[in-house]
Every structure is written in structure tokens, then in C-alpha cells.
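What follows is a single structure, written as C-alpha cells, with notes after it.
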Amino acid sequence: MSRQIRRNSRPLQGLQKKRTGIPGFDEITRGGVPAGRPTLVCGSAGAGKTLFAMEFLVRGANMFDEPGVFMSFEESDEELATNVASLGFDLNQLIADKKLILEYVFIERSEIEETGEYDLEALFLRLGYAIDSIGAKRVVLDTLEALFSALPNEAIVRAELRRLFRWLKEKGVTAVITCERGEGKLTRYGLEEYVADCVILLDHRVQNQISTRRMRIVKYRGTSHGTNEYPFFIDEKGFSVLPITSLGLTHKAPTEYVSTGIKRLDTMLDGHGFYRGSSILVSGTAGTGKSTIAAHFVEAACARGERALFFAFEESQDQIIRNMRSIGIDLEKFVRKGLLGFQNARPSAWGLETHLALIHKTISDFNPAVVVIDPITNFLGVGDVIETKAMLTRLIDFLKTRQITGMFTSLTSSQSEIEDSEVGVSSLMDAWLLVKTIESNGERNRGLYILKARGIAHSNQVREFLLTAHGIELIDAYVGPEGVLMGSARSSQVAREKAATVEREYLTERKQRELQRKQELYEAQLQALKGQYESEREAILRELDEEQTRLRLAADQRREIARLRKADDGMRIEENGARKARKGAAR
Amino acid sequence: MKQSSTKKKRQQPSNGRPPQAASADPSRWNLRLYVAGQTPRSLTAFKNLKDICEEYLKGQYHIEVVDLMENPTLARGDQILAVPTLVRKLPQPIRKIIGDLSNTERVLVGLDIQPR
């Protein structure tokens, strides 16, 4: 038990690593090559082995102050110095500063006769002397396999190489040994058997006439490392590896907004725009104004004083600037200020990985807040859908970790379902704008929808999209009982509707007037009736009065008669009845 | 191998250099033996060389022994990898023979003393 614990605890001391200084390489190896041990770099001709090895030394000398020895079996000192001078490495200066020694080992088999036993002690002595004279910490043996072709006795070479690797370890130098790649093997002479700690494979493959350089850590004993194939490329600054993979969804989510540059589009997006660091897909058929939306977005970013990068895969920088000027977007002034950068390249210029690598590198150098890729669909000509999606996933992840807002345009073919983003990346995107041409009545009009905007309350309505001399304008599309109308149909419909409204207003007015008239009529009639009633009542009352007067006169007469006849009771009764009758008439 | 050997044969007369001239001239054959330390193999090589020279190049040779342990920088000039290495500096062109020189036949071929 205790023995087991001891055995387990040994690796915990950790493998010491040495940074190469090559951009990206130290990330994928989590710290560089194993310190004090040899590392094998294999690859076919032209894979970049020598350059990798040379950069290991030059960067070691310049960045980490570690002198190095480059033992070359193929190229002479002058050739090496000339070859890397184009990358900005001044080998002669480093040699003068005692930071680098170039040791050229030239072997010509035809000059050599072999007789009896020998060893390669002279090689050891030369290397040892070079290492000691400048206190080298790093050693490169460039294509050590040349020994196999130079010396006929393979058994001696193998034994000596094994001794060499042991000797290098004892010396405590960190060595990079390059090897030709063999058929079905990592190296032609099986050197990986001797150097078992770290094996790096450089690959240069051509697919659809497009070449891509890739690197893979085949083996790295005692440490974790990235196992994928990483694209790398060699440009005027040397070797760089891209550690971009989908490293996980751990990026931060800013709550800050960035304007789209189109006021009404911002309004549609809850009045703010997109979240910073989000990725936005703008898809649409040809000529729908996707690039123009992107140009607005870039212009707005630059106007805020932010840096922006425009990756254009269809148009040149001048063409974009000219075209955008025609709709009132002046990008040139931002280019002059250094806020806006363009990177224009045909998609077929490089493989997908190289594109990704270049985008990655350009972004790292320029450090923008906003990036536009116009369009992503063109990558489909270089790789298939799966590859393109994988590449875009990595690109989006990279942008997100840097909190760069990315806008990607995507061309959809008019046959396919419009919501069908051809690259199949819509699920990766945080926001999706769809520009759709709507064809009716012999004209094409553009409609803009927000298909999705994660975390933003957004309008679900279509807007008509106009390209004017002062940029994009969004207009409410006509949505009514006759469907969605746009363009001239919309304006004629609006006119029709206006006419109908006027008509209705007129009708209402007329009705009101009629009512008025009716009221007046009835009131007049009422007045007349009232007058008639009054006169009739008058007449009736007069009649009643006359009747009463007659009755009174009759009663008086009767009373007179009664008085004359001396009657009592009956007369009183008659008098009461007369009074009653008079009262009723008055009422 | 055979082809190349016939080539060499043809070259010889053009050099106008008979392998075994009679006159004594120690500067005619300038030989340099590179060794690394006084190892048994170094000593064997030197002894073998001396024997061959005495037999075939008597009075016409000069041997210089370079110990790379003492002068490692000298290995670079003659592009020495293996030890022991015998370098024929003169007559031109430079020839190299690696190993302890135990196979006399091959040494003679390598030095162009004997045709292949």
C-alpha cells in the first residue's frame, strides 16, 4: 500500500515545461515542450519542421534569454540565416550576441569510406562544445535522419542516437529533433522509439486544391495536452498555432448593449440593440441588403469610438467603401482613423482552418470590439457543412471569450426554406435577423424580421426595409385584412384606405346632419301640436265656462222660482251639485 | 558500386598521379587522423594507419593526429562526425575514411592507393 502511494506521488512533482514562445503552441501543450528532454517534431517535406525548430531557438533567445544551438544536417548556416531573415529573425545578430550557434554538419556519403569500428563521438564533441561555449539551454537537431543516409552502418547510427538522446538528457538541454515522416509511421527510421516523451506531428494536406497546415500532439508523456489537430500557419511573423477549439460555454454574458446603427431596428430590439459579445446572424437572399446592415453596424461601432473589423469574402475594401458611400455610409474616414480594418480574401484562397487561423490572428492583432464576417456561406465552397459549422463554432467561441460582438451574414438561396440558414449555424447565434424579398405585383420589396434575439424583448412584426441615400430605413409594413403589403402596393393600399376613411367620415357627417334635421322637424311638429292643444284646450275651457254660466243662470232661475214657491231642501241640494260641476270644469 | 568504381579508374589517369611514385616527398600525402581521446580504438586506428603508410607510401606521407577532446573546434573544419576519421587532405580531392582502419583493403581503396 505504502509503495503504491509512493509510486503514485512521483508524477505529482510535475513535469517541468519550457515555453517555446511560439504563439498558440504553449497553450495547447499547457506550457511548452518538456524541459531538459528531447521533443520529436515530425512531418513530411515542407511541413514547417525547420521553421518550428528555428523559432524555438530564436524565441527562446529573445524572449526567455536562453541561448541555443542549431545543429543542421541539411542547410548551411548561410542558407538558414537567409531563409529565416524573411521572418524578421536576425540570426547573425543573435550569433554575434552569443545567443545562438549554427552548427552545420555536412555529410557526403560518396566522400566517406567505412572501415572498422567507429562511433559518433566527434558529433557529441562538436555539439557539446557548442552548448558549453554559450551556455545553451536549447538545442535543435534538424533532420537527424540525415545520419542514416550518410553512414552505411545503421546499427552504429542507431546505437549512437540512443546514446545521443541520453546524453542530451544528461546535459539538461531541451532539445527539438526534427524527422521526416515515414510511410505509415511517424518517422522514416522509427526515431520515435528513442524519443518517447513528446512527439509533435506537423501536417500539410491539400483538400480540394486548398492546402491546410495542421499540428497534432501525438504523444506527451506525463502531462495533459490538447489532442485535436490544430491549424497553424506560417506568415511573415513566423509560426503560429491556433488553440481555438470549442473550449466550453464558460464565457461571460455582458448586459451592455450595442446599437445596430439603425434606429428603428434598435427600437425593434427593445430600444437598445444587441447585447455586447453576442453573435448575430443576418440571413437573406441575394441583394437583400445584408452587407448594408453590417455596414451600419460597423459604422455605429466606429462612431462610438470602438474598433471594428470587416472580413469581406466577396468584395474588395474599395468596393465596399464605394457602395456604402452611395447610401450615405462613410466608412473611409474610420479606416483613415484606424478604427476600421478590412480583411478581404476569396474564400478559396485558403482552407477553412487557415481562414480561421487568419481571422483569429487578425482579431488578436487588431483587437476590435465588433467583427463582421460577410458572408459565412462562402465557406461552404471550401469545406462541407459540418466542417464549416465546426469552424464557425470555434470562431464564435473565440469572439465570445473576447466579448467581441460578431455579425455574420448568410446568403440563403431563394429556393430553400427562408428560415433555413444554409450553414446550419442559426442555433449558435444569439440573434437572427432575416431579410426577405417579398415579390408581388411585379416588384420586389425587402422585409426585415427578427427571428430571434436571446434575452431581448423584440418585435415580432415585419418591417419594410428601404435602402435610401441616407442608409437603411425601416417602415411599418401594411398588415391588414388583405395581408402584408409592401412597396407600391402598400402605398396604394394606404391611399385606398385613406379614401375609404374620408368616405366614411363624409357619411357620418351626413347622418349627423340628417339627425339634426329630424330633430328640428320633430321639434317643430311638437311645437305645432302644442299650439293646437293649447287652442283646443282654450276652446274646451271656454265651452265649459259657458256651460257653467248657463247652469248657474238656470240654477239662479230655479232658486228664484223656488224662492217664489217657498221651497227649502231641494233647492240647497241643487245648489251643491252646481258648485261641484263648476269645480270639475276649472280643473 | 561497380559503376562508380569504373568511373574512378577513368579519373586516375587524368589526375596524372601514379599511386606509387618513387621519389621521397613527405608532403605528397597529407593525412590527418581525427580521434577523440586516447581510447583503444584511437590507438588501433593510428597503428593501422602507420602500418599501411609504411608499407604503401613510405617516405611520401605526413600524418597529423588531431585529438578532438582537446580541440573540439577542429571537427567543424573537416566536418568530422565519427571518430576515428582519416582525412586525406592531399592529394586532392579530400577523402574521408571512418573507422579504426582495420580493413587494409578498404583503406587502400578509400585513399585511392589501390583501384576499387
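To be explicit about the labels: the chains of the C-alpha cells are called A, B, and onward in the order shown, and within each one the residues are counted from 1, while ligands get numbers from 1 in the order they are shown.
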Counting only C-alpha atoms, which residues of chain B sit at most 6 Å from some atom of chain A, and what is each one's closest atom pair with its distance in Å to one decimal, listed by chain and rising residue number, as CSV?
residue,atom,partner,partner_atom,distance
B:Pro72,CA,A:Arg126,CA,5.9
B:Leu81,CA,A:Leu123,CA,4.6
B:Ala82,CA,A:Leu120,CA,4.1
B:Val83,CA,A:Tyr118,CA,5.6
B:Arg95,CA,A:Glu111,CA,5.5
B:Lys96,CA,A:Ile112,CA,4.9
B:Ile97,CA,A:Glu113,CA,4.5
B:Ile98,CA,A:Glu114,CA,4.9
B:Gly99,CA,A:Tyr118,CA,4.5
B:Asp100,CA,A:Gly116,CA,5.0
B:Leu101,CA,A:Thr115,CA,5.3
B:Ser102,CA,A:Gly116,CA,5.4
B:Asn103,CA,A:Thr115,CA,5.7
B:Gly110,CA,A:Glu113,CA,5.6
Determine the nearest neighbour of Ala75 of chain B from the options B:Ile94, B:Val87, B:Ala45, B:Ile63, counting only C-alpha atoms. B:Val87
To one decimal place, how far is atom CA of Phe70 of chain A from atom CA of Leu144 of chain A in Å? 11.6 Å
Which residues in segment 296-543 of chain A does DSSP call alpha helix (DSSP H)? List them as a PyMOL selection string. chain A and resi 296-303+317-325+332-337+352-366+385-401+487-543
Residue selection dump (C-alpha atoms) as a tab-separated table (two decimals), in the first residue's frame:
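Now in out04.tsv:
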chain	number	residue	atom	x	y	z
A	296	HIS	CA	-24.45	50.24	-40.48
A	297	PHE	CA	-23.42	48.13	-37.56
A	298	VAL	CA	-19.75	48.80	-38.19
A	299	GLU	CA	-20.35	52.50	-38.73
A	300	ALA	CA	-22.20	52.76	-35.43
A	301	ALA	CA	-19.38	50.98	-33.62
A	302	CYS	CA	-16.74	53.26	-35.13
A	303	ALA	CA	-18.84	56.31	-34.38
A	317	GLN	CA	-12.31	47.14	-49.47
A	318	ASP	CA	-12.66	49.90	-52.05
A	319	GLN	CA	-15.77	48.35	-53.47
A	320	ILE	CA	-17.44	48.17	-50.08
A	321	ILE	CA	-16.47	51.73	-49.24
A	322	ARG	CA	-17.77	52.99	-52.59
A	323	ASN	CA	-21.02	51.08	-52.39
A	324	MET	CA	-21.73	52.13	-48.84
A	325	ARG	CA	-20.98	55.74	-49.66
A	332	GLU	CA	-13.45	55.60	-45.28
A	333	LYS	CA	-12.97	58.15	-42.54
A	334	PHE	CA	-12.93	55.37	-39.96
A	335	VAL	CA	-10.39	53.44	-41.99
A	336	ARG	CA	-8.22	56.54	-42.03
A	337	LYS	CA	-8.62	56.96	-38.29
A	352	LEU	CA	-11.09	26.64	-43.67
A	353	GLU	CA	-8.54	26.16	-40.96
A	354	THR	CA	-6.26	28.73	-42.44
A	355	HIS	CA	-9.14	31.14	-42.74
A	356	LEU	CA	-9.96	30.58	-39.12
A	357	ALA	CA	-6.33	30.97	-38.25
A	358	LEU	CA	-6.04	34.20	-40.16
A	359	ILE	CA	-9.24	35.59	-38.69
A	360	HIS	CA	-8.02	34.63	-35.26
A	361	LYS	CA	-4.68	36.26	-35.82
A	362	THR	CA	-6.08	39.41	-37.39
A	363	ILE	CA	-8.50	39.80	-34.49
A	364	SER	CA	-5.73	39.26	-31.97
A	365	ASP	CA	-3.62	41.90	-33.69
A	366	PHE	CA	-6.36	44.47	-34.29
A	385	VAL	CA	-21.44	21.94	-43.88
A	386	ILE	CA	-20.08	20.04	-40.91
A	387	GLU	CA	-16.60	21.47	-41.25
A	388	THR	CA	-17.90	24.95	-41.78
A	389	LYS	CA	-20.14	24.71	-38.78
A	390	ALA	CA	-17.30	23.41	-36.66
A	391	MET	CA	-15.12	26.26	-37.80
A	392	LEU	CA	-17.80	28.84	-37.09
A	393	THR	CA	-18.45	27.35	-33.68
A	394	ARG	CA	-14.83	27.84	-32.83
A	395	LEU	CA	-14.85	31.32	-34.24
A	396	ILE	CA	-17.95	32.27	-32.27
A	397	ASP	CA	-16.47	30.84	-29.10
A	398	PHE	CA	-13.34	32.79	-29.69
A	399	LEU	CA	-15.26	36.02	-30.23
A	400	LYS	CA	-17.35	35.40	-27.13
A	401	THR	CA	-14.40	34.80	-24.89
A	487	GLY	CA	-43.81	48.87	-51.71
A	488	SER	CA	-46.22	50.47	-54.13
A	489	ALA	CA	-48.93	48.03	-53.09
A	490	ARG	CA	-48.54	49.31	-49.57
A	491	SER	CA	-48.69	52.93	-50.63
A	492	SER	CA	-51.70	52.38	-52.90
A	493	GLN	CA	-53.39	50.45	-50.17
A	494	VAL	CA	-52.67	53.25	-47.78
A	495	ALA	CA	-54.18	55.68	-50.31
A	496	ARG	CA	-57.21	53.47	-50.74
A	497	GLU	CA	-57.62	53.28	-47.08
A	498	LYS	CA	-57.39	57.00	-46.79
A	499	ALA	CA	-60.10	57.42	-49.39
A	500	ALA	CA	-62.29	54.98	-47.57
A	501	THR	CA	-61.79	56.85	-44.37
A	502	VAL	CA	-62.73	60.11	-45.99
A	503	GLU	CA	-65.82	58.50	-47.41
A	504	ARG	CA	-66.80	57.14	-44.05
A	505	GLU	CA	-66.25	60.49	-42.45
A	506	TYR	CA	-68.46	62.12	-45.03
A	507	LEU	CA	-71.18	59.56	-44.44
A	508	THR	CA	-71.07	60.06	-40.74
A	509	GLU	CA	-71.32	63.75	-41.17
A	510	ARG	CA	-74.34	63.36	-43.40
A	511	LYS	CA	-76.05	61.11	-40.92
A	512	GLN	CA	-75.44	63.63	-38.23
A	513	ARG	CA	-76.89	66.36	-40.31
A	514	GLU	CA	-79.93	64.22	-41.02
A	515	LEU	CA	-80.40	63.61	-37.37
A	516	GLN	CA	-80.19	67.28	-36.76
A	517	ARG	CA	-82.80	67.91	-39.36
A	518	LYS	CA	-85.09	65.24	-37.97
A	519	GLN	CA	-84.76	66.69	-34.54
A	520	GLU	CA	-85.59	70.09	-35.81
A	521	LEU	CA	-88.56	68.68	-37.71
A	522	TYR	CA	-89.91	66.84	-34.74
A	523	GLU	CA	-89.41	69.80	-32.52
A	524	ALA	CA	-91.34	71.93	-34.96
A	525	GLN	CA	-94.09	69.37	-35.11
A	526	LEU	CA	-94.12	69.21	-31.38
A	527	GLN	CA	-94.46	72.96	-31.26
A	528	ALA	CA	-97.36	72.84	-33.67
A	529	LEU	CA	-99.12	70.14	-31.71
A	530	LYS	CA	-98.63	72.07	-28.56
A	531	GLY	CA	-100.18	75.11	-30.17
A	532	GLN	CA	-103.14	73.05	-31.39
A	533	TYR	CA	-103.57	71.57	-27.96
A	534	GLU	CA	-103.47	74.96	-26.40
A	535	SER	CA	-106.08	76.33	-28.72
A	536	GLU	CA	-108.28	73.29	-28.34
A	537	ARG	CA	-107.99	73.43	-24.61
A	538	GLU	CA	-108.89	77.08	-24.72
A	539	ALA	CA	-111.94	76.27	-26.73
A	540	ILE	CA	-112.99	73.48	-24.44
A	541	LEU	CA	-112.48	75.59	-21.33
A	542	ARG	CA	-114.49	78.37	-22.91
A	543	GLU	CA	-117.25	75.94	-23.67
Residue neighbourhood Lys47 of chain B, 12 Å, only C-alpha atoms, exclusion window fewer than 4 positions, as a list in words: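 Final neighbour list, sorted by chain and number: Leu33, Pro40, Arg41, Ser42, Leu43, Asp51, Ile52, Cys53, Glu54, Ile63, Val65, Asp100, Leu101, Ser102 and Thr104 of chain B.
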In Å, how far is it from atom CA of Ile472 of chain A to atom CA of Pro347 of chain A? 27.8 Å
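For the pair atom CA of Ile156 of chain A and atom CA of Val107 of chain B, the separation is 19.3 Å.
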Using DSSP on the backbone coordinates, identify all residues within segment 57-138 of chain A classified as strand (DSSP E); present the result as a VMD selection string. chain A and resid 68 to 72 100 to 104 112 to 114 138
Find the residues around Gln92 of chain B up to 10 Å (only C-alpha atoms counted), leave out those fewer than 2 positions away in its own chain, and share them as a list in words. Asn15, Trp29, Asn30, Arg88, Lys89, Leu90, Ile94 and Arg95 of chain B
